[in-house]
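Down below is the structure, laid out as structure tokens.
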Amino acid sequence: MGGEVARLDGQAWWTQMLMAPGRPLQQVWRALLPQPAAGQVRIRVTACGVCRTDLHIVDGELPWPGHPVVPGHEIIGRIAALGKGVTRLAVGQRVGVPWLGWTCGRCEHCLAGRENLCPNAQFTGWQRAGGYAEQVLADARYVFAVPDGYDDAQAAPLLCAGLIGWRAYAMAGPAARRIGLYGFGAAAHLIAQVAVHQGREVHAFTRPGDDAAQSLARELGAAWAGDSGQLPAQPLDAALLFAPVGALVPTALRAVRPGGSVVCAGIHMSDIPSFPYAWLRGERRIVSVSNLTRQDGDTFMHIAAELPLRVHTHCYPLSQANRALDDLRAGRFAGAAVLLANDSAAGGAGHA
Ligand SMILES: [Zn+2]
Ligand SMILES: [Zn+2]
């Protein structure tokens with residue numbers, strides 16, 4: 001692709017860019033390295049997870065930000081340059097960049113410790129350039145240290161599948177012992193392990209006939225795995241919805257006990273069909289999860305360091321980003337898709 005020529009000047013790098021919704025990503029070369037502004041860092045990307053939110057952006061299911069998008073918000077890389085005033089991080093350090101890229105710090109939500117709801121927030125790989133690239137700039141305050149014990153490809157999915165999965169799981173509350181996971185992809189396969197480790201009983205509900213996801217769920221300690229249309233033998237205390245399928249909301253509601261909750265973890269979902277009020281009655285709750293706070297990140301990274309989690313990755317070179325998105329859309333792999341900016345840099349390519 002002309003890469004060798006461009007590399008001769010030592011500065012050139014490239015991104016996978018979305019010019020308009022519904023189009024394939026396009027390889028775009030950049031002549032100069034971006035210089036971090038005050039408070040920012042420049043990161044040489046080694047791995048970036050492929051999240052379902054990226055698909056929603058590419059497919060035009062989320063508002064278009066008004067400029068071309070470099071997707072990717074599960075970024076792992078090494079700090080290559082520090083902007084003025086950044087003292088918390090060092091050049092060469094391995095870090096992760098999540099979906100929450102910037103918040104205003106002044107609105108009622110930020111001041112109340114709910115920066116995930118900040119109306120002025122900027123998100124990585126949407127309003128801000130993301131990690132489908134060899135280089136990325138990030139606000140140093142929103143960058144996480146990444147636990148040792150995970151190679152770059154394995155660490156990438158922790159940044160969203162892990163963090164958002166954790167927030168959804170925490171929303172179910174400590175009293176939820178029997179937990180249903182609807183949609184057993186990147187997030188669910190991580191959170192299932194946390195739940196099992198904490199002594200919860202995990203039930204994995206997948207697309208009908210998705211044997212690969214069901215056997216992965218059993219392998220990771222799920223007490224039961226089966227098709228999403230099935231009802232559990234005993235009612236669930238909580239159901240976490242990771243699949244972007246609105247029809248699963250009433251399905252999950254029927255599976256939870258009185259007082260139980262259905263937690264919708266996705267940023268986008270197809271419409272929820274109407275259902276009899278009796279399915280909600282009994283103080284059942286339907287709640288959504290939006291984004292993450294830095295506190296969620298710190299808590300989850302701590303858990304990930306302690307466990308450790310087994311991360312099932314399905315790796316692609318960065319140049320194959322379109323194929324990775326297509327495979328995710330079609331459900332062609334189990335676990336988490338990860339793009340490797342440089343095949344030799346990330347190590348552990350392939351299934352973990
Ligand atoms: Zn995500
Ligand atoms: Zn705010």
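Just so we're on the same page: first chain in the structure tokens is A, next is B, and so on; residues restart at 1 for each chain, and ligands are numbered from 1 in the order they show up.
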Subject >> Within 9 Å of ligand 2 (only C-alpha atoms and all ligand atoms), residues as a ChimeraX atom specification >> reply: /A:102-111,114-121
Original post:
Could you write out, as a PyMOL selection string, all the residues of range 86-170 of chain A that DSSP marks as strand (DSSP E)?
Top reply: chain A and resi 94-97+100-102+122-123+135-139+144-145
Contact residues around Val50 in chain A with only C-alpha atoms at 10 Å, ignoring same-chain residues under 3 positions, as an mmCIF file with all heavy atoms, in the first residue's frame:
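Generated output (selection.cif):
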data_model
loop_
_atom_site.group_PDB
_atom_site.id
_atom_site.type_symbol
_atom_site.label_atom_id
_atom_site.label_comp_id
_atom_site.auth_asym_id
_atom_site.auth_seq_id
_atom_site.Cartn_x
_atom_site.Cartn_y
_atom_site.Cartn_z
ATOM 1 N N ALA A 47 -2.395 -1.593 19.889
ATOM 2 C CA ALA A 47 -3.598 -2.419 19.734
ATOM 3 C C ALA A 47 -4.827 -1.576 20.012
ATOM 4 O O ALA A 47 -4.787 -0.652 20.823
ATOM 5 C CB ALA A 47 -3.550 -3.603 20.705
ATOM 6 N N THR A 53 -19.995 -0.284 19.516
ATOM 7 C CA THR A 53 -20.259 1.147 19.330
ATOM 8 C C THR A 53 -19.609 1.648 18.037
ATOM 9 O O THR A 53 -20.166 2.510 17.358
ATOM 10 C CB THR A 53 -19.730 1.933 20.553
ATOM 11 O OG1 THR A 53 -20.443 1.493 21.705
ATOM 12 C CG2 THR A 53 -19.914 3.431 20.383
ATOM 13 N N ASP A 54 -18.444 1.128 17.691
ATOM 14 C CA ASP A 54 -17.802 1.512 16.427
ATOM 15 C C ASP A 54 -18.727 1.186 15.259
ATOM 16 O O ASP A 54 -18.853 1.966 14.307
ATOM 17 C CB ASP A 54 -16.466 0.776 16.238
ATOM 18 C CG ASP A 54 -15.507 1.009 17.399
ATOM 19 O OD1 ASP A 54 -15.712 1.976 18.155
ATOM 20 O OD2 ASP A 54 -14.555 0.210 17.556
ATOM 21 N N LEU A 55 -19.369 0.034 15.355
ATOM 22 C CA LEU A 55 -20.317 -0.372 14.297
ATOM 23 C C LEU A 55 -21.501 0.591 14.234
ATOM 24 O O LEU A 55 -21.943 0.959 13.147
ATOM 25 C CB LEU A 55 -20.875 -1.767 14.606
ATOM 26 C CG LEU A 55 -20.235 -2.990 13.990
ATOM 27 C CD1 LEU A 55 -21.123 -4.200 14.273
ATOM 28 C CD2 LEU A 55 -20.041 -2.826 12.498
ATOM 29 N N PRO A 71 -12.371 5.813 14.219
ATOM 30 C CA PRO A 71 -13.003 5.082 15.317
ATOM 31 C C PRO A 71 -11.969 4.462 16.260
ATOM 32 O O PRO A 71 -10.758 4.503 15.991
ATOM 33 C CB PRO A 71 -13.809 3.979 14.606
ATOM 34 C CG PRO A 71 -13.774 4.300 13.152
ATOM 35 C CD PRO A 71 -12.545 5.134 12.931
ATOM 36 N N GLY A 72 -12.470 3.849 17.307
ATOM 37 C CA GLY A 72 -11.606 3.082 18.203
ATOM 38 C C GLY A 72 -11.429 3.716 19.565
ATOM 39 O O GLY A 72 -10.830 4.782 19.682
ATOM 40 N N HIS A 73 -11.952 3.039 20.607
ATOM 41 C CA HIS A 73 -11.857 3.596 21.958
ATOM 42 C C HIS A 73 -11.450 2.527 22.963
ATOM 43 O O HIS A 73 -11.814 2.589 24.132
ATOM 44 C CB HIS A 73 -13.184 4.246 22.344
ATOM 45 C CG HIS A 73 -14.360 3.303 22.235
ATOM 46 N ND1 HIS A 73 -15.089 3.176 21.084
ATOM 47 C CD2 HIS A 73 -14.892 2.437 23.111
ATOM 48 C CE1 HIS A 73 -16.036 2.270 21.258
ATOM 49 N NE2 HIS A 73 -15.932 1.797 22.495
ATOM 50 N N GLU A 74 -10.743 1.527 22.487
ATOM 51 C CA GLU A 74 -10.151 0.530 23.391
ATOM 52 C C GLU A 74 -8.677 0.476 23.012
ATOM 53 O O GLU A 74 -8.205 -0.495 22.452
ATOM 54 C CB GLU A 74 -10.814 -0.834 23.201
ATOM 55 C CG GLU A 74 -12.304 -0.831 23.497
ATOM 56 C CD GLU A 74 -12.941 -2.210 23.321
ATOM 57 O OE1 GLU A 74 -12.841 -2.800 22.226
ATOM 58 O OE2 GLU A 74 -13.542 -2.700 24.292
ATOM 59 N N ILE A 75 -7.999 1.566 23.337
ATOM 60 C CA ILE A 75 -6.655 1.794 22.805
ATOM 61 C C ILE A 75 -5.583 1.392 23.805
ATOM 62 O O ILE A 75 -5.647 1.767 24.978
ATOM 63 C CB ILE A 75 -6.459 3.295 22.467
ATOM 64 C CG1 ILE A 75 -7.584 3.785 21.533
ATOM 65 C CG2 ILE A 75 -5.080 3.544 21.861
ATOM 66 C CD1 ILE A 75 -7.580 5.293 21.310
ATOM 67 N N GLY A 131 -8.453 5.145 18.043
ATOM 68 C CA GLY A 131 -7.284 4.275 17.996
ATOM 69 C C GLY A 131 -7.152 3.383 16.772
ATOM 70 O O GLY A 131 -6.267 2.533 16.757
ATOM 71 N N TYR A 132 -8.011 3.548 15.754
ATOM 72 C CA TYR A 132 -7.788 2.829 14.494
ATOM 73 C C TYR A 132 -6.703 3.616 13.751
ATOM 74 O O TYR A 132 -6.939 4.190 12.683
ATOM 75 C CB TYR A 132 -9.052 2.769 13.642
ATOM 76 C CG TYR A 132 -10.169 1.870 14.104
ATOM 77 C CD1 TYR A 132 -10.258 1.419 15.417
ATOM 78 C CD2 TYR A 132 -11.157 1.468 13.206
ATOM 79 C CE1 TYR A 132 -11.306 0.598 15.815
ATOM 80 C CE2 TYR A 132 -12.208 0.642 13.605
ATOM 81 C CZ TYR A 132 -12.276 0.220 14.901
ATOM 82 O OH TYR A 132 -13.318 -0.588 15.294
ATOM 83 N N ALA A 156 -6.541 -4.527 25.391
ATOM 84 C CA ALA A 156 -7.404 -3.573 24.682
ATOM 85 C C ALA A 156 -8.890 -3.716 25.054
ATOM 86 O O ALA A 156 -9.530 -2.712 25.389
ATOM 87 C CB ALA A 156 -7.182 -3.692 23.170
ATOM 88 N N PRO A 157 -9.458 -4.929 25.024
ATOM 89 C CA PRO A 157 -10.895 -5.023 25.318
ATOM 90 C C PRO A 157 -11.269 -4.624 26.745
ATOM 91 O O PRO A 157 -12.432 -4.359 27.027
ATOM 92 C CB PRO A 157 -11.207 -6.515 25.079
ATOM 93 C CG PRO A 157 -10.121 -7.005 24.188
ATOM 94 C CD PRO A 157 -8.902 -6.230 24.589
ATOM 95 N N CYS A 160 -13.152 -0.972 27.112
ATOM 96 C CA CYS A 160 -14.585 -0.669 26.979
ATOM 97 C C CYS A 160 -15.437 -1.875 27.343
ATOM 98 O O CYS A 160 -16.286 -1.789 28.207
ATOM 99 C CB CYS A 160 -14.956 -0.174 25.591
ATOM 100 S SG CYS A 160 -16.703 0.274 25.488
ATOM 101 N N ALA A 161 -15.196 -2.994 26.676
ATOM 102 C CA ALA A 161 -15.959 -4.197 27.005
ATOM 103 C C ALA A 161 -15.867 -4.440 28.514
ATOM 104 O O ALA A 161 -16.867 -4.727 29.180
ATOM 105 C CB ALA A 161 -15.415 -5.394 26.228
ATOM 106 N N ALA A 186 -17.818 -9.593 23.674
ATOM 107 C CA ALA A 186 -16.621 -9.101 24.351
ATOM 108 C C ALA A 186 -16.894 -8.730 25.812
ATOM 109 O O ALA A 186 -16.160 -9.135 26.713
ATOM 110 C CB ALA A 186 -16.052 -7.908 23.585
ATOM 111 N N HIS A 314 -9.614 -11.924 19.034
ATOM 112 C CA HIS A 314 -9.647 -12.336 17.635
ATOM 113 C C HIS A 314 -8.960 -11.194 16.897
ATOM 114 O O HIS A 314 -9.546 -10.122 16.732
ATOM 115 C CB HIS A 314 -11.105 -12.511 17.212
ATOM 116 C CG HIS A 314 -11.266 -13.269 15.949
ATOM 117 N ND1 HIS A 314 -11.076 -14.629 15.860
ATOM 118 C CD2 HIS A 314 -11.586 -12.854 14.705
ATOM 119 C CE1 HIS A 314 -11.288 -15.022 14.623
ATOM 120 N NE2 HIS A 314 -11.593 -13.967 13.902
ATOM 121 N N CYS A 315 -7.703 -11.392 16.517
ATOM 122 C CA CYS A 315 -6.873 -10.262 16.072
ATOM 123 C C CYS A 315 -6.834 -10.093 14.554
ATOM 124 O O CYS A 315 -6.863 -11.063 13.803
ATOM 125 C CB CYS A 315 -5.451 -10.427 16.606
ATOM 126 S SG CYS A 315 -5.374 -10.276 18.394
ATOM 127 N N TYR A 316 -6.741 -8.835 14.149
ATOM 128 C CA TYR A 316 -6.622 -8.449 12.741
ATOM 129 C C TYR A 316 -5.542 -7.377 12.652
ATOM 130 O O TYR A 316 -5.392 -6.581 13.579
ATOM 131 C CB TYR A 316 -7.913 -7.799 12.234
ATOM 132 C CG TYR A 316 -9.159 -8.630 12.330
ATOM 133 C CD1 TYR A 316 -9.834 -8.758 13.545
ATOM 134 C CD2 TYR A 316 -9.688 -9.260 11.216
ATOM 135 C CE1 TYR A 316 -11.007 -9.508 13.633
ATOM 136 C CE2 TYR A 316 -10.859 -10.009 11.294
ATOM 137 C CZ TYR A 316 -11.515 -10.130 12.503
ATOM 138 O OH TYR A 316 -12.663 -10.868 12.588
ATOM 139 N N ALA A 321 -9.344 -3.418 9.204
ATOM 140 C CA ALA A 321 -10.394 -2.906 10.100
ATOM 141 C C ALA A 321 -11.795 -3.136 9.531
ATOM 142 O O ALA A 321 -12.723 -3.495 10.270
ATOM 143 C CB ALA A 321 -10.180 -1.420 10.370
ATOM 144 N N ALA A 324 -12.794 -6.666 10.163
ATOM 145 C CA ALA A 324 -13.101 -6.877 11.584
ATOM 146 C C ALA A 324 -14.518 -6.384 11.905
ATOM 147 O O ALA A 324 -15.271 -7.065 12.609
ATOM 148 C CB ALA A 324 -12.071 -6.153 12.449
ATOM 149 N N LEU A 325 -14.873 -5.215 11.369
ATOM 150 C CA LEU A 325 -16.219 -4.678 11.616
ATOM 151 C C LEU A 325 -17.288 -5.586 11.004
ATOM 152 O O LEU A 325 -18.316 -5.859 11.626
ATOM 153 C CB LEU A 325 -16.330 -3.262 11.036
ATOM 154 C CG LEU A 325 -15.564 -2.171 11.802
ATOM 155 C CD1 LEU A 325 -15.456 -0.895 10.971
ATOM 156 C CD2 LEU A 325 -16.233 -1.869 13.146
ATOM 157 N N LEU A 328 -17.697 -8.666 13.109
ATOM 158 C CA LEU A 328 -18.429 -8.369 14.351
ATOM 159 C C LEU A 328 -19.923 -8.252 14.050
ATOM 160 O O LEU A 328 -20.762 -8.801 14.765
ATOM 161 C CB LEU A 328 -17.905 -7.064 14.969
ATOM 162 C CG LEU A 328 -18.644 -6.574 16.222
ATOM 163 C CD1 LEU A 328 -18.584 -7.602 17.346
ATOM 164 C CD2 LEU A 328 -18.086 -5.236 16.713
ATOM 165 N N ALA A 336 -13.482 -11.029 21.721
ATOM 166 C CA ALA A 336 -13.294 -9.622 21.374
ATOM 167 C C ALA A 336 -12.368 -9.463 20.171
ATOM 168 O O ALA A 336 -11.289 -10.045 20.140
ATOM 169 C CB ALA A 336 -12.695 -8.879 22.573
ATOM 170 N N ALA A 337 -12.782 -8.644 19.203
ATOM 171 C CA ALA A 337 -11.924 -8.344 18.057
ATOM 172 C C ALA A 337 -10.939 -7.236 18.437
ATOM 173 O O ALA A 337 -11.293 -6.290 19.125
ATOM 174 C CB ALA A 337 -12.753 -7.897 16.864
ATOM 175 N N VAL A 338 -9.693 -7.397 17.982
ATOM 176 C CA VAL A 338 -8.650 -6.403 18.280
ATOM 177 C C VAL A 338 -7.842 -6.141 17.009
ATOM 178 O O VAL A 338 -7.464 -7.083 16.296
ATOM 179 C CB VAL A 338 -7.712 -6.916 19.396
ATOM 180 C CG1 VAL A 338 -6.589 -5.908 19.660
ATOM 181 C CG2 VAL A 338 -8.482 -7.191 20.678
ATOM 182 N N LEU A 339 -7.595 -4.859 16.736
ATOM 183 C CA LEU A 339 -6.729 -4.473 15.620
ATOM 184 C C LEU A 339 -5.317 -4.270 16.153
ATOM 185 O O LEU A 339 -5.129 -3.629 17.187
ATOM 186 C CB LEU A 339 -7.215 -3.157 15.001
ATOM 187 C CG LEU A 339 -8.645 -3.141 14.472
ATOM 188 C CD1 LEU A 339 -9.014 -1.735 13.994
ATOM 189 C CD2 LEU A 339 -8.814 -4.156 13.349
#
Subject >> Near-range 286-291 of chain A list (10 Å; only C-alpha atoms; drop same-chain fewer than 3 positions) as a PyMOL selection string >> reply: chain A and resi 98-100+115-118+123+160+163-165+167-169+171-172+238-241+249-250+252-253+260-267+280+283+296
Subject >> Residue among A:Leu32, A:Ala187, A:Ile57, A:Leu181 lying closest to Asp237 in chain A, counting only C-alpha atoms >> reply: A:Leu181
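Here CA of Pro34 in chain A and CA of Val86 in chain A stand 16.3 Å from one another.
Distance-wise, CA of Asp152 in chain A and CA of Ile76 in chain A end up 6.1 Å apart.
As for CA of Arg294 in chain A and CA of His56 in chain A, they are spaced 23.3 Å apart.
All residues of range 301-347 of chain A that DSSP, run on the backbone, classes as helix (DSSP H, G or I) are A:Met301, A:His302, A:Ile303, A:Ala304, A:Ala305, A:Glu306, A:Leu318, A:Ser319, A:Gln320, A:Ala321, A:Asn322, A:Arg323, A:Ala324, A:Leu325, A:Asp326, A:Asp327, A:Leu328, A:Arg329, A:Ala330, A:Asp343, A:Ser344, A:Ala345, A:Ala346.
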Dump of N, CA and C atoms for the selected residues, as a PDB file, in the first residue's frame:
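Full text of selection_27.pdb as output:
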ATOM      1  N   MET A 301      -9.900  -1.754  36.554  1.00  0.00           N
ATOM      2  CA  MET A 301      -8.498  -2.113  36.286  1.00  0.00           C
ATOM      3  C   MET A 301      -7.883  -2.813  37.503  1.00  0.00           C
ATOM      4  N   HIS A 302      -8.301  -2.394  38.672  1.00  0.00           N
ATOM      5  CA  HIS A 302      -7.845  -3.030  39.903  1.00  0.00           C
ATOM      6  C   HIS A 302      -8.311  -4.491  39.944  1.00  0.00           C
ATOM      7  N   ILE A 303      -9.570  -4.715  39.606  1.00  0.00           N
ATOM      8  CA  ILE A 303     -10.114  -6.078  39.576  1.00  0.00           C
ATOM      9  C   ILE A 303      -9.399  -6.911  38.512  1.00  0.00           C
ATOM     10  N   ALA A 304      -9.196  -6.307  37.343  1.00  0.00           N
ATOM     11  CA  ALA A 304      -8.539  -7.028  36.241  1.00  0.00           C
ATOM     12  C   ALA A 304      -7.119  -7.429  36.624  1.00  0.00           C
ATOM     13  N   ALA A 305      -6.470  -6.590  37.426  1.00  0.00           N
ATOM     14  CA  ALA A 305      -5.106  -6.896  37.859  1.00  0.00           C
ATOM     15  C   ALA A 305      -5.108  -8.064  38.838  1.00  0.00           C
ATOM     16  N   GLU A 306      -6.145  -8.137  39.663  1.00  0.00           N
ATOM     17  CA  GLU A 306      -6.188  -9.158  40.707  1.00  0.00           C
ATOM     18  C   GLU A 306      -6.577 -10.535  40.190  1.00  0.00           C
ATOM     19  N   LEU A 318      -4.329  -3.745  11.512  1.00  0.00           N
ATOM     20  CA  LEU A 318      -5.081  -2.488  11.386  1.00  0.00           C
ATOM     21  C   LEU A 318      -5.624  -2.294   9.969  1.00  0.00           C
ATOM     22  N   SER A 319      -4.880  -2.761   8.989  1.00  0.00           N
ATOM     23  CA  SER A 319      -5.313  -2.603   7.592  1.00  0.00           C
ATOM     24  C   SER A 319      -6.604  -3.379   7.298  1.00  0.00           C
ATOM     25  N   GLN A 320      -6.958  -4.339   8.184  1.00  0.00           N
ATOM     26  CA  GLN A 320      -8.157  -5.149   7.970  1.00  0.00           C
ATOM     27  C   GLN A 320      -9.327  -4.684   8.845  1.00  0.00           C
ATOM     28  N   ALA A 321      -9.344  -3.418   9.204  1.00  0.00           N
ATOM     29  CA  ALA A 321     -10.394  -2.906  10.100  1.00  0.00           C
ATOM     30  C   ALA A 321     -11.795  -3.136   9.531  1.00  0.00           C
ATOM     31  N   ASN A 322     -11.951  -2.961   8.238  1.00  0.00           N
ATOM     32  CA  ASN A 322     -13.286  -3.163   7.647  1.00  0.00           C
ATOM     33  C   ASN A 322     -13.750  -4.612   7.798  1.00  0.00           C
ATOM     34  N   ARG A 323     -12.812  -5.535   7.630  1.00  0.00           N
ATOM     35  CA  ARG A 323     -13.161  -6.949   7.779  1.00  0.00           C
ATOM     36  C   ARG A 323     -13.533  -7.255   9.239  1.00  0.00           C
ATOM     37  N   ALA A 324     -12.794  -6.666  10.163  1.00  0.00           N
ATOM     38  CA  ALA A 324     -13.101  -6.877  11.584  1.00  0.00           C
ATOM     39  C   ALA A 324     -14.518  -6.384  11.905  1.00  0.00           C
ATOM     40  N   LEU A 325     -14.873  -5.215  11.369  1.00  0.00           N
ATOM     41  CA  LEU A 325     -16.219  -4.678  11.616  1.00  0.00           C
ATOM     42  C   LEU A 325     -17.288  -5.586  11.004  1.00  0.00           C
ATOM     43  N   ASP A 326     -17.031  -6.061   9.785  1.00  0.00           N
ATOM     44  CA  ASP A 326     -17.992  -6.966   9.132  1.00  0.00           C
ATOM     45  C   ASP A 326     -18.165  -8.243   9.936  1.00  0.00           C
ATOM     46  N   ASP A 327     -17.065  -8.784  10.416  1.00  0.00           N
ATOM     47  CA  ASP A 327     -17.134 -10.033  11.187  1.00  0.00           C
ATOM     48  C   ASP A 327     -17.893  -9.833  12.495  1.00  0.00           C
ATOM     49  N   LEU A 328     -17.697  -8.666  13.109  1.00  0.00           N
ATOM     50  CA  LEU A 328     -18.429  -8.369  14.351  1.00  0.00           C
ATOM     51  C   LEU A 328     -19.923  -8.252  14.050  1.00  0.00           C
ATOM     52  N   ARG A 329     -20.251  -7.556  12.971  1.00  0.00           N
ATOM     53  CA  ARG A 329     -21.656  -7.378  12.586  1.00  0.00           C
ATOM     54  C   ARG A 329     -22.330  -8.732  12.356  1.00  0.00           C
ATOM     55  N   ALA A 330     -21.582  -9.647  11.745  1.00  0.00           N
ATOM     56  CA  ALA A 330     -22.145 -10.957  11.394  1.00  0.00           C
ATOM     57  C   ALA A 330     -21.982 -11.981  12.521  1.00  0.00           C
ATOM     58  N   ASP A 343       1.972  -5.878  13.716  1.00  0.00           N
ATOM     59  CA  ASP A 343       1.812  -7.269  14.127  1.00  0.00           C
ATOM     60  C   ASP A 343       2.862  -7.737  15.113  1.00  0.00           C
ATOM     61  N   SER A 344       4.071  -7.204  14.976  1.00  0.00           N
ATOM     62  CA  SER A 344       5.130  -7.685  15.837  1.00  0.00           C
ATOM     63  C   SER A 344       5.139  -6.970  17.190  1.00  0.00           C
ATOM     64  N   ALA A 345       4.460  -5.805  17.247  1.00  0.00           N
ATOM     65  CA  ALA A 345       4.544  -4.991  18.471  1.00  0.00           C
ATOM     66  C   ALA A 345       3.686  -5.543  19.591  1.00  0.00           C
ATOM     67  N   ALA A 346       2.542  -6.112  19.257  1.00  0.00           N
ATOM     68  CA  ALA A 346       1.579  -6.422  20.310  1.00  0.00           C
ATOM     69  C   ALA A 346       1.830  -7.788  20.944  1.00  0.00           C
TER      70      ALA A 346
END
Subject >> Test item: residues at most 12 Å from Val196 in chain A, only C-alpha atoms, excluding those fewer than 2 positions along its chain, as a PyMOL selection string >> reply: chain A and resi 169+177-180+188-194+198-204+217-223+307+309
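Proximity ranking of A:Gly125, A:Gly259, A:Gly335, A:Gly246 relative to Arg310 in chain A places A:Gly335 first, based on only C-alpha atoms.
Each of A:Ala212, A:Ala176, A:Ile79, A:Leu158 was compared to ligand 1 using only C-alpha atoms and all ligand atoms, and A:Leu158 turns out to be the nearest.
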